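Below is the file model_36.cif, which contains mmCIF, C-alpha atoms.
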data_coords
loop_
_atom_site.label_atom_id
_atom_site.label_comp_id
_atom_site.auth_asym_id
_atom_site.auth_seq_id
_atom_site.Cartn_x
_atom_site.Cartn_y
_atom_site.Cartn_z
CA MET A 1 4.52 99.58 31.91
CA ARG A 2 3.85 95.87 31.50
CA THR A 3 1.62 93.64 33.60
CA GLY A 4 3.58 90.80 35.17
CA ILE A 5 3.12 88.05 37.72
CA PHE A 6 5.18 85.66 39.85
CA ALA A 7 5.71 82.63 37.61
CA LYS A 8 5.20 80.26 40.53
CA THR A 9 1.59 81.43 40.81
CA PHE A 10 0.91 78.75 38.20
CA ALA A 11 1.34 75.02 38.64
CA GLY A 12 4.02 73.39 36.53
CA THR A 13 7.67 72.42 36.50
CA THR A 14 8.56 73.45 32.95
CA PRO A 15 8.80 77.01 31.66
CA ASP A 16 6.62 76.19 28.64
CA VAL A 17 3.67 75.29 30.86
CA VAL A 18 4.14 78.12 33.34
CA LEU A 19 4.76 80.92 30.84
CA ALA A 20 1.85 79.81 28.66
CA ALA A 21 -0.40 79.97 31.72
CA ALA A 22 0.85 83.49 32.49
CA ARG A 23 0.19 84.57 28.89
CA ASP A 24 -3.28 83.05 28.88
CA ALA A 25 -4.11 84.88 32.12
CA GLY A 26 -3.24 88.21 30.50
CA TYR A 27 0.37 88.86 31.57
CA ALA A 28 3.26 90.14 29.48
CA SER A 29 6.07 89.25 31.89
CA VAL A 30 6.98 87.13 34.90
CA GLN A 31 9.29 87.21 37.87
CA TYR A 32 10.72 83.75 37.31
CA ASN A 33 11.60 81.14 39.90
CA PHE A 34 13.70 78.07 39.16
CA ALA A 35 11.09 75.97 40.96
CA CYS A 36 9.16 76.47 37.71
CA SER A 37 11.95 74.52 36.00
CA GLY A 38 11.71 71.67 38.51
CA LEU A 39 15.03 72.63 40.11
CA GLY A 40 13.87 74.21 43.35
CA ALA A 41 13.98 77.90 44.15
CA LEU A 42 17.71 77.97 44.95
CA PRO A 43 19.61 75.49 42.80
CA GLU A 44 23.38 75.39 43.20
CA ALA A 45 23.79 73.81 39.76
CA ILE A 46 21.68 74.72 36.73
CA PRO A 47 21.92 72.61 33.55
CA GLY A 48 22.44 74.59 30.38
CA ALA A 49 19.42 72.92 28.81
CA ALA A 50 17.20 74.19 31.63
CA VAL A 51 18.40 77.75 31.07
CA ALA A 52 17.89 77.55 27.31
CA ALA A 53 14.39 76.20 27.88
CA ILE A 54 13.41 79.37 29.75
CA ARG A 55 14.53 81.64 26.93
CA GLU A 56 12.87 79.43 24.30
CA ALA A 57 9.60 79.37 26.26
CA SER A 58 9.76 83.14 26.63
CA GLU A 59 10.21 83.56 22.90
CA ARG A 60 7.40 81.12 22.06
CA THR A 61 4.89 82.61 24.47
CA GLY A 62 5.93 86.27 24.19
CA VAL A 63 6.17 86.47 27.99
CA ALA A 64 9.28 88.37 29.11
CA ILE A 65 11.49 87.34 32.03
CA ALA A 66 11.48 90.58 34.02
CA ALA A 67 13.48 89.18 36.93
CA ILE A 68 14.60 85.91 38.49
CA SER A 69 14.29 85.06 42.16
CA ALA A 70 17.57 84.39 43.98
CA THR A 71 16.01 84.99 47.38
CA TYR A 72 17.75 83.62 50.47
CA ASN A 73 18.17 84.81 54.06
CA MET A 74 21.16 87.15 53.82
CA ILE A 75 21.53 87.43 57.61
CA HIS A 76 20.62 83.88 58.63
CA PRO A 77 22.15 83.19 62.04
CA ASP A 78 23.87 80.13 60.57
CA ILE A 79 26.69 81.37 58.34
CA ALA A 80 26.65 78.10 56.42
CA MET A 81 23.09 78.88 55.33
CA ARG A 82 24.18 82.27 54.03
CA GLU A 83 27.03 80.65 52.12
CA ALA A 84 24.65 78.12 50.54
CA GLY A 85 22.33 80.92 49.47
CA ARG A 86 25.25 82.83 48.03
CA ARG A 87 26.29 79.80 45.95
CA SER A 88 22.78 79.61 44.53
CA PHE A 89 22.81 83.34 43.81
CA ALA A 90 26.04 82.84 41.85
CA ALA A 91 24.58 79.94 39.87
CA ILE A 92 21.46 81.93 39.00
CA ALA A 93 23.55 85.00 38.11
CA ALA A 94 25.60 82.90 35.70
CA ALA A 95 22.39 81.73 34.00
CA ALA A 96 20.49 85.01 34.00
CA HIS A 97 21.50 86.50 30.65
CA THR A 98 20.84 83.29 28.76
CA ALA A 99 17.49 82.89 30.53
CA GLY A 100 16.52 86.40 29.42
CA SER A 101 16.94 88.66 32.44
CA THR A 102 19.54 90.88 34.09
CA LEU A 103 17.75 91.37 37.44
CA LEU A 104 17.98 88.97 40.40
CA THR A 105 15.72 89.57 43.39
CA VAL A 106 16.95 88.99 46.95
CA CYS A 107 15.78 89.10 50.57
CA THR A 108 17.78 91.27 52.99
CA GLY A 109 16.89 88.78 55.65
CA SER A 110 15.85 88.16 59.23
CA ARG A 111 17.62 86.70 62.26
CA ASP A 112 14.68 84.30 62.48
CA ALA A 113 16.29 80.99 61.56
CA ALA A 114 13.05 79.36 60.43
CA ASP A 115 11.39 82.10 58.38
CA GLN A 116 13.17 84.87 56.49
CA TRP A 117 9.88 86.79 56.26
CA ARG A 118 9.27 86.85 60.03
CA ASP A 119 10.47 89.76 62.15
CA HIS A 120 13.08 89.32 64.87
CA PRO A 121 14.16 91.79 67.56
CA ASP A 122 17.78 91.67 66.35
CA ASN A 123 16.97 92.63 62.75
CA GLN A 124 17.48 96.34 63.32
CA GLY A 125 20.68 96.01 65.35
CA ALA A 126 24.12 97.13 64.18
CA GLU A 127 25.39 93.55 63.87
CA ALA A 128 22.58 92.50 61.52
CA TRP A 129 23.21 95.58 59.39
CA GLN A 130 26.92 94.84 59.15
CA ASP A 131 26.28 91.19 58.27
CA MET A 132 23.92 92.31 55.50
CA ILE A 133 26.46 94.82 54.17
CA ALA A 134 29.14 92.12 54.15
CA GLU A 135 26.81 89.81 52.23
CA PHE A 136 26.07 92.52 49.69
CA GLY A 137 29.81 92.87 49.19
CA HIS A 138 29.91 89.24 48.05
CA LEU A 139 26.82 89.59 45.87
CA LEU A 140 28.02 92.76 44.17
CA ALA A 141 31.24 91.02 43.16
CA ILE A 142 29.14 88.26 41.59
CA ALA A 143 26.89 90.85 39.94
CA GLU A 144 29.89 92.60 38.39
CA ARG A 145 31.29 89.32 37.13
CA HIS A 146 28.04 88.36 35.39
CA ASP A 147 26.80 91.88 34.52
CA ILE A 148 23.52 91.62 36.39
CA PHE A 149 21.61 93.80 38.87
CA ILE A 150 20.33 93.03 42.36
CA GLY A 151 16.70 93.83 43.17
CA VAL A 152 16.17 94.74 46.84
CA GLU A 153 12.66 94.91 48.28
CA PRO A 154 11.89 96.85 51.46
CA GLU A 155 10.06 94.42 53.77
CA LEU A 156 8.76 95.27 57.25
CA ALA A 157 10.19 92.04 58.72
CA ASN A 158 13.65 92.36 57.13
CA VAL A 159 16.74 94.46 57.74
CA ILE A 160 15.71 96.79 54.90
CA ASN A 161 12.29 97.55 56.36
CA SER A 162 11.60 100.97 54.83
CA ALA A 163 12.36 103.20 51.88
CA ALA A 164 14.79 105.15 54.06
CA LYS A 165 16.75 101.99 54.88
CA ALA A 166 16.83 101.10 51.18
CA ARG A 167 18.26 104.54 50.42
CA ARG A 168 20.85 104.06 53.16
CA LEU A 169 21.89 100.75 51.58
CA ILE A 170 22.26 102.40 48.15
CA GLU A 171 24.42 105.17 49.60
CA THR A 172 26.49 102.76 51.69
CA MET A 173 27.29 100.34 48.87
CA GLU A 174 27.77 103.06 46.21
CA SER A 175 26.95 100.62 43.42
CA GLU A 176 24.76 101.07 40.36
CA ARG A 177 24.12 97.32 40.55
CA ILE A 178 21.57 97.78 43.35
CA ARG A 179 18.00 98.28 42.22
CA ILE A 180 14.71 98.45 44.11
CA VAL A 181 11.65 96.23 43.97
CA LEU A 182 8.85 98.35 45.44
CA ASP A 183 5.75 96.76 46.95
CA PRO A 184 3.31 99.27 48.47
CA ALA A 185 1.82 96.62 50.77
CA ASN A 186 5.22 96.09 52.40
CA LEU A 187 5.57 99.71 53.50
CA PHE A 188 2.90 99.78 56.24
CA GLU A 189 0.56 97.63 58.30
CA ASN A 190 -2.25 99.71 59.84
CA GLU A 191 -2.59 103.29 58.60
CA ASP A 192 -5.48 105.49 57.57
CA ALA A 193 -6.06 106.23 53.89
CA GLU A 194 -4.17 109.51 53.75
CA ALA A 195 -1.19 108.13 55.68
CA ARG A 196 -1.03 105.12 53.37
CA GLY A 197 -0.94 107.38 50.34
CA ARG A 198 1.74 109.63 51.84
CA ILE A 199 3.95 106.67 52.79
CA ILE A 200 3.75 105.16 49.30
CA ASP A 201 4.27 108.50 47.53
CA ALA A 202 7.27 109.31 49.73
CA ALA A 203 8.86 105.90 49.11
CA ILE A 204 8.51 106.29 45.34
CA ASP A 205 9.95 109.81 45.46
CA LEU A 206 12.92 108.70 47.59
CA LEU A 207 13.77 105.66 45.47
CA LYS A 208 12.57 106.70 42.00
CA ASP A 209 16.03 106.61 40.42
CA ARG A 210 16.45 102.92 41.37
CA ILE A 211 13.01 101.31 41.05
CA ALA A 212 13.32 98.39 38.63
CA ILE A 213 10.07 96.59 39.41
CA ALA A 214 6.82 97.66 41.05
CA HIS A 215 4.92 94.93 42.84
CA ALA A 216 1.15 94.69 43.03
CA LYS A 217 -0.09 93.31 46.31
CA ASP A 218 -2.65 94.74 48.75
CA ARG A 219 -3.54 94.99 52.44
CA ASN A 220 -6.83 94.28 54.16
CA ALA A 221 -8.13 96.67 56.83
CA ASP A 222 -6.96 94.19 59.49
CA SER A 223 -3.37 94.47 58.07
CA SER A 224 -3.36 91.00 56.49
CA PHE A 225 -2.25 90.77 52.87
CA ALA A 226 -4.79 90.83 50.06
CA THR A 227 -4.95 90.35 46.31
CA ALA A 228 -4.23 93.57 44.38
CA GLY A 229 -7.36 95.66 44.00
CA ARG A 230 -9.23 93.94 46.83
CA GLY A 231 -7.74 95.77 49.79
CA VAL A 232 -7.23 99.28 51.10
CA ILE A 233 -4.42 100.53 48.85
CA ASP A 234 -5.42 103.31 46.45
CA TYR A 235 -4.10 101.73 43.26
CA PRO A 236 -4.90 104.67 40.94
CA ARG A 237 -2.87 106.92 43.26
CA TYR A 238 -0.03 104.35 43.48
CA VAL A 239 0.22 103.98 39.72
CA ALA A 240 -0.06 107.73 39.16
CA SER A 241 2.80 108.27 41.60
CA LEU A 242 4.95 105.76 39.72
CA LYS A 243 4.18 107.45 36.42
CA ARG A 244 5.08 110.88 37.83
CA ALA A 245 8.39 109.41 38.96
CA GLY A 246 9.09 108.24 35.40
CA PHE A 247 8.69 104.53 36.11
CA ASP A 248 7.93 102.50 32.99
CA GLY A 249 8.93 98.99 34.03
CA ASP A 250 7.05 95.86 35.01
CA MET A 251 4.25 95.86 37.57
CA ILE A 252 4.32 92.34 38.92
CA THR A 253 1.55 90.89 41.05
CA HIS A 254 1.89 88.07 43.57
CA GLY A 255 0.19 86.64 46.61
CA LEU A 256 -2.80 85.45 44.59
CA SER A 257 -4.15 82.19 43.21
CA ALA A 258 -3.97 81.14 39.59
CA ALA A 259 -7.75 81.45 39.46
CA GLU A 260 -7.52 85.10 40.52
CA ALA A 261 -4.79 85.95 38.01
CA PRO A 262 -6.98 86.93 35.00
CA GLY A 263 -9.06 89.28 37.15
CA VAL A 264 -5.98 91.05 38.52
CA ALA A 265 -4.55 91.42 35.01
CA ALA A 266 -7.82 93.03 33.93
CA PHE A 267 -7.73 95.33 36.97
CA LEU A 268 -4.14 96.47 36.38
CA ALA A 269 -4.18 96.85 32.61
CA PRO A 270 -6.23 100.09 32.36
CA LEU A 271 -4.34 101.63 35.29
CA ILE A 272 -0.91 101.16 33.78
CA ALA A 273 -1.86 101.85 30.15
CA PRO A 274 -0.21 104.95 28.66
CA GLU A 275 -2.30 108.11 28.91
CA GLY A 276 -4.80 108.38 26.10
CA ARG A 277 -4.75 104.68 25.29
CA ASN A 278 -7.17 101.94 26.23
CA ALA A 279 -5.78 98.79 27.79
#

If you convert what's in this file into structure tokens, what do you get?
Amino acid sequence: MRTGIFAKTFAGTTPDVVLAAARDAGYASVQYNFACSGLGALPEAIPGAAVAAIREASERTGVAIAAISATYNMIHPDIAMREAGRRSFAAIAAAAHTAGSTLLTVCTGSRDAADQWRDHPDNQGAEAWQDMIAEFGHLLAIAERHDIFIGVEPELANVINSAAKARRLIETMESERIRIVLDPANLFENEDAEARGRIIDAAIDLLKDRIAIAHAKDRNADSSFATAGRGVIDYPRYVASLKRAGFDGDMITHGLSAAEAPGVAAFLAPLIAPEGRNA
């Protein structure tokens, strides 16, 4: 495994600055966001020079581009908003290979028009599911055209709100282009220690053939989010479960400050190191 971090954790609007900061904090990879190129998170047009700059910065710093965010609200109640997000997804997909990645991360969405990360009572209805499936039909056609993969993250406030729903999506779409971004902190809110461990283990077991990225975030006892290693999640158990499942990809942390980044890298490194090796 490699330690990674959301690129936008660090201030800067050029990939040179942002990737150097990630390297200096102890990270080998990033989940990139085009805001770090000064273009906003969802550009509909991406200059070739901006794409080349990402690859060149990656080569200079040695920091890999594990994935690129193409996150928009796939079931936004305004269809025009979905279409705009889809156009940005297509632009990012066209740039991905040159930038250095083949994985684009998405949000399966919420009916909340103002916040795609906020729950809504209609999210688990049949209509929301069908709208999401229709949107994936569009995205998979784009993914085939540009030979990229789509990273889907189970989120409690989204349509795909569990490992079981993620598995249902995989089976419904019948496409190898769908991959999973697994964040243990997004699988529960308030559970006791043993229940937390069982939920995370079961999710990894159910989705192990599709996990492309493992996220590193945490939960406080009051259910609020926390920096990895500072909450209630049993990280040694989480990492051990990933290793048993054969996962050897990037573990990418987020939801932390730039000042916290070196400490989290130091926390994760010995956990994810191969057996018998020091970090």

Q: Counting all atoms listed in the file, figure out which residue out of A:Val159, A:Ala90, A:Ile200, A:Ile79 gets nearest to A:His146.
A: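 Among the listed residues, the smallest separation from A:His146 belongs to A:Ala90.
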
Q.
Could you check the closest approach to A:Ala245 for each of A:Glu155, A:Asp218, A:Asp201, A:Asp147 and tell me which residue wins, using all atoms listed in the file?
A. A:Asp201

(Q) Taking only C-alpha atoms into account, name the residue in A:Ile160, A:Leu139, A:Ala193, A:Ala50 that is nearest to A:Gly125. (A)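 Looking at the shortest contact to A:Gly125, the residue is A:Ile160.
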
Q) With all atoms listed in the file as the atoms that count, which of A:Leu268, A:Asp209, A:Glu144, A:Thr227 lies nearest to A:Gly246? A)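 That would be A:Asp209, the residue with the smallest distance to A:Gly246.
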
Q) Please, what distance in Å, to one decimal, runs between atom CA of A:Ile180 and atom CA of A:Ile272? A)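 So the two atoms, atom CA of A:Ile180 and atom CA of A:Ile272, lie 18.9 Å apart.
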
Q) Using the chain letters and numbers from the file, which residues does the PyMOL selection byres ((chain A and resi 111) around 12) grab, as an MDAnalysis selection string? A) chainID A and resid 73:79 81:82 108:110 112:125 127:129 131:132 157:159

Q. With all atoms listed in the file as the atoms that count, which of A:Val239, A:Ala45, A:Ala259, A:Ala57 lies nearest to A:Met1?
A. A:Val239

Give me the result of the PyMOL selection byres ((chain A and resi 25) around 9) on this file, residue by residue, as a compact mmCIF listing (two decimals) with C-alpha atoms, keeping the file's coordinate frame.
# COMPACT_ATOMS: atom_id res chain seq x y z
CA ALA A 20 1.85 79.81 28.66
CA ALA A 21 -0.40 79.97 31.72
CA ALA A 22 0.85 83.49 32.49
CA ARG A 23 0.19 84.57 28.89
CA ASP A 24 -3.28 83.05 28.88
CA GLY A 26 -3.24 88.21 30.50
CA TYR A 27 0.37 88.86 31.57
CA ALA A 258 -3.97 81.14 39.59
CA ALA A 259 -7.75 81.45 39.46
CA ALA A 261 -4.79 85.95 38.01
CA PRO A 262 -6.98 86.93 35.00
CA GLY A 263 -9.06 89.28 37.15
CA ALA A 265 -4.55 91.42 35.01

**Q.** Interatomic distance (Å, one decimal) between atom CA of A:Val18 and atom CA of A:Ile5
**A.**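 Between atom CA of A:Val18 and atom CA of A:Ile5 the gap works out to 10.9 Å.
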
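Note that the spacing between atom CA of A:Arg55 and atom CA of A:Ser37 amounts to 11.8 Å.
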
(Q) When you count only C-alpha atoms, which of these residues is closest to A:Ile46: A:Leu19, A:Ala93, A:Ala28, A:Glu83? (A)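 The closest residue to A:Ile46 is A:Ala93.
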
Q | Polymer residues at most 12 Å from A:Gly48, all atoms listed in the file, same-chain spacing of 3 or more positions, as a list in words | A |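 Counting only the stated atoms, we get Ser37, Ala45, Val51, Ala52, Ala53, Ile54, Arg55, Ala91, Ile92, Ala94, Ala95, Ala96, His97, Thr98 and Ala99 of chain A.
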
What would the file look like if the residues just selected were written as a JSON list (two decimals), in the frame of the given file with C-alpha atoms?
[["chain", "number", "residue", "atom", "x", "y", "z"],
["A", 37, "SER", "CA", 11.95, 74.52, 36.00],
["A", 45, "ALA", "CA", 23.79, 73.81, 39.76],
["A", 51, "VAL", "CA", 18.40, 77.75, 31.07],
["A", 52, "ALA", "CA", 17.89, 77.55, 27.31],
["A", 53, "ALA", "CA", 14.39, 76.20, 27.88],
["A", 54, "ILE", "CA", 13.41, 79.37, 29.75],
["A", 55, "ARG", "CA", 14.53, 81.64, 26.93],
["A", 91, "ALA", "CA", 24.58, 79.94, 39.87],
["A", 92, "ILE", "CA", 21.46, 81.93, 39.00],
["A", 94, "ALA", "CA", 25.60, 82.90, 35.70],
["A", 95, "ALA", "CA", 22.39, 81.73, 34.00],
["A", 96, "ALA", "CA", 20.49, 85.01, 34.00],
["A", 97, "HIS", "CA", 21.50, 86.50, 30.65],
["A", 98, "THR", "CA", 20.84, 83.29, 28.76],
["A", 99, "ALA", "CA", 17.49, 82.89, 30.53]]

Any idea what's packed within 12 Å of A:Ile204, counting only C-alpha atoms, ignoring anything in its chain fewer than 3 positions away? Could you give it as a PDB file with C-alpha atoms, keeping the file's coordinate frame?
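Ended up saving to part_26.pdb:
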ATOM      1  CA  PRO A 154      11.890  96.850  51.460  1.00  0.00           C
ATOM      2  CA  SER A 162      11.600 100.970  54.830  1.00  0.00           C
ATOM      3  CA  ALA A 163      12.360 103.200  51.880  1.00  0.00           C
ATOM      4  CA  ALA A 164      14.790 105.150  54.060  1.00  0.00           C
ATOM      5  CA  ALA A 166      16.830 101.100  51.180  1.00  0.00           C
ATOM      6  CA  ARG A 167      18.260 104.540  50.420  1.00  0.00           C
ATOM      7  CA  ILE A 180      14.710  98.450  44.110  1.00  0.00           C
ATOM      8  CA  VAL A 181      11.650  96.230  43.970  1.00  0.00           C
ATOM      9  CA  LEU A 182       8.850  98.350  45.440  1.00  0.00           C
ATOM     10  CA  ASP A 183       5.750  96.760  46.950  1.00  0.00           C
ATOM     11  CA  PRO A 184       3.310  99.270  48.470  1.00  0.00           C
ATOM     12  CA  LEU A 187       5.570  99.710  53.500  1.00  0.00           C
ATOM     13  CA  GLY A 197      -0.940 107.380  50.340  1.00  0.00           C
ATOM     14  CA  ARG A 198       1.740 109.630  51.840  1.00  0.00           C
ATOM     15  CA  ILE A 199       3.950 106.670  52.790  1.00  0.00           C
ATOM     16  CA  ILE A 200       3.750 105.160  49.300  1.00  0.00           C
ATOM     17  CA  ASP A 201       4.270 108.500  47.530  1.00  0.00           C
ATOM     18  CA  LEU A 207      13.770 105.660  45.470  1.00  0.00           C
ATOM     19  CA  LYS A 208      12.570 106.700  42.000  1.00  0.00           C
ATOM     20  CA  ASP A 209      16.030 106.610  40.420  1.00  0.00           C
ATOM     21  CA  ARG A 210      16.450 102.920  41.370  1.00  0.00           C
ATOM     22  CA  ILE A 211      13.010 101.310  41.050  1.00  0.00           C
ATOM     23  CA  ALA A 212      13.320  98.390  38.630  1.00  0.00           C
ATOM     24  CA  ILE A 213      10.070  96.590  39.410  1.00  0.00           C
ATOM     25  CA  ALA A 214       6.820  97.660  41.050  1.00  0.00           C
ATOM     26  CA  ARG A 237      -2.870 106.920  43.260  1.00  0.00           C
ATOM     27  CA  TYR A 238      -0.030 104.350  43.480  1.00  0.00           C
ATOM     28  CA  VAL A 239       0.220 103.980  39.720  1.00  0.00           C
ATOM     29  CA  ALA A 240      -0.060 107.730  39.160  1.00  0.00           C
ATOM     30  CA  SER A 241       2.800 108.270  41.600  1.00  0.00           C
ATOM     31  CA  LEU A 242       4.950 105.760  39.720  1.00  0.00           C
ATOM     32  CA  LYS A 243       4.180 107.450  36.420  1.00  0.00           C
ATOM     33  CA  ARG A 244       5.080 110.880  37.830  1.00  0.00           C
ATOM     34  CA  ALA A 245       8.390 109.410  38.960  1.00  0.00           C
ATOM     35  CA  GLY A 246       9.090 108.240  35.400  1.00  0.00           C
ATOM     36  CA  PHE A 247       8.690 104.530  36.110  1.00  0.00           C
TER      37      PHE A 247
END

Q. If you count all atoms listed in the file, which residues fall within 7 Å of A:Ser69, apart from same-chain ones fewer than 6 positions away, as a PyMOL selection string?
A. chain A and resi 31-33+104-106

Please write out, as JSON, where the centre of an axis-aligned box around all listed atoms of stretch 23-32 of chain A lies and how long its edges are, in Å to one decimal, after adding 6 Å on each side.
{"center_x": 3.3, "center_y": 86.6, "center_z": 33.4, "size_x": 26.8, "size_y": 19.1, "size_z": 21.0}

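Applied to the file shown here, the PyMOL selection byres ((chain A and resi 232) around 8) selects Ala193, Asp218, Arg219, Asn220, Ala221, Gly229, Arg230, Gly231, Ile233 and Asp234 of chain A.
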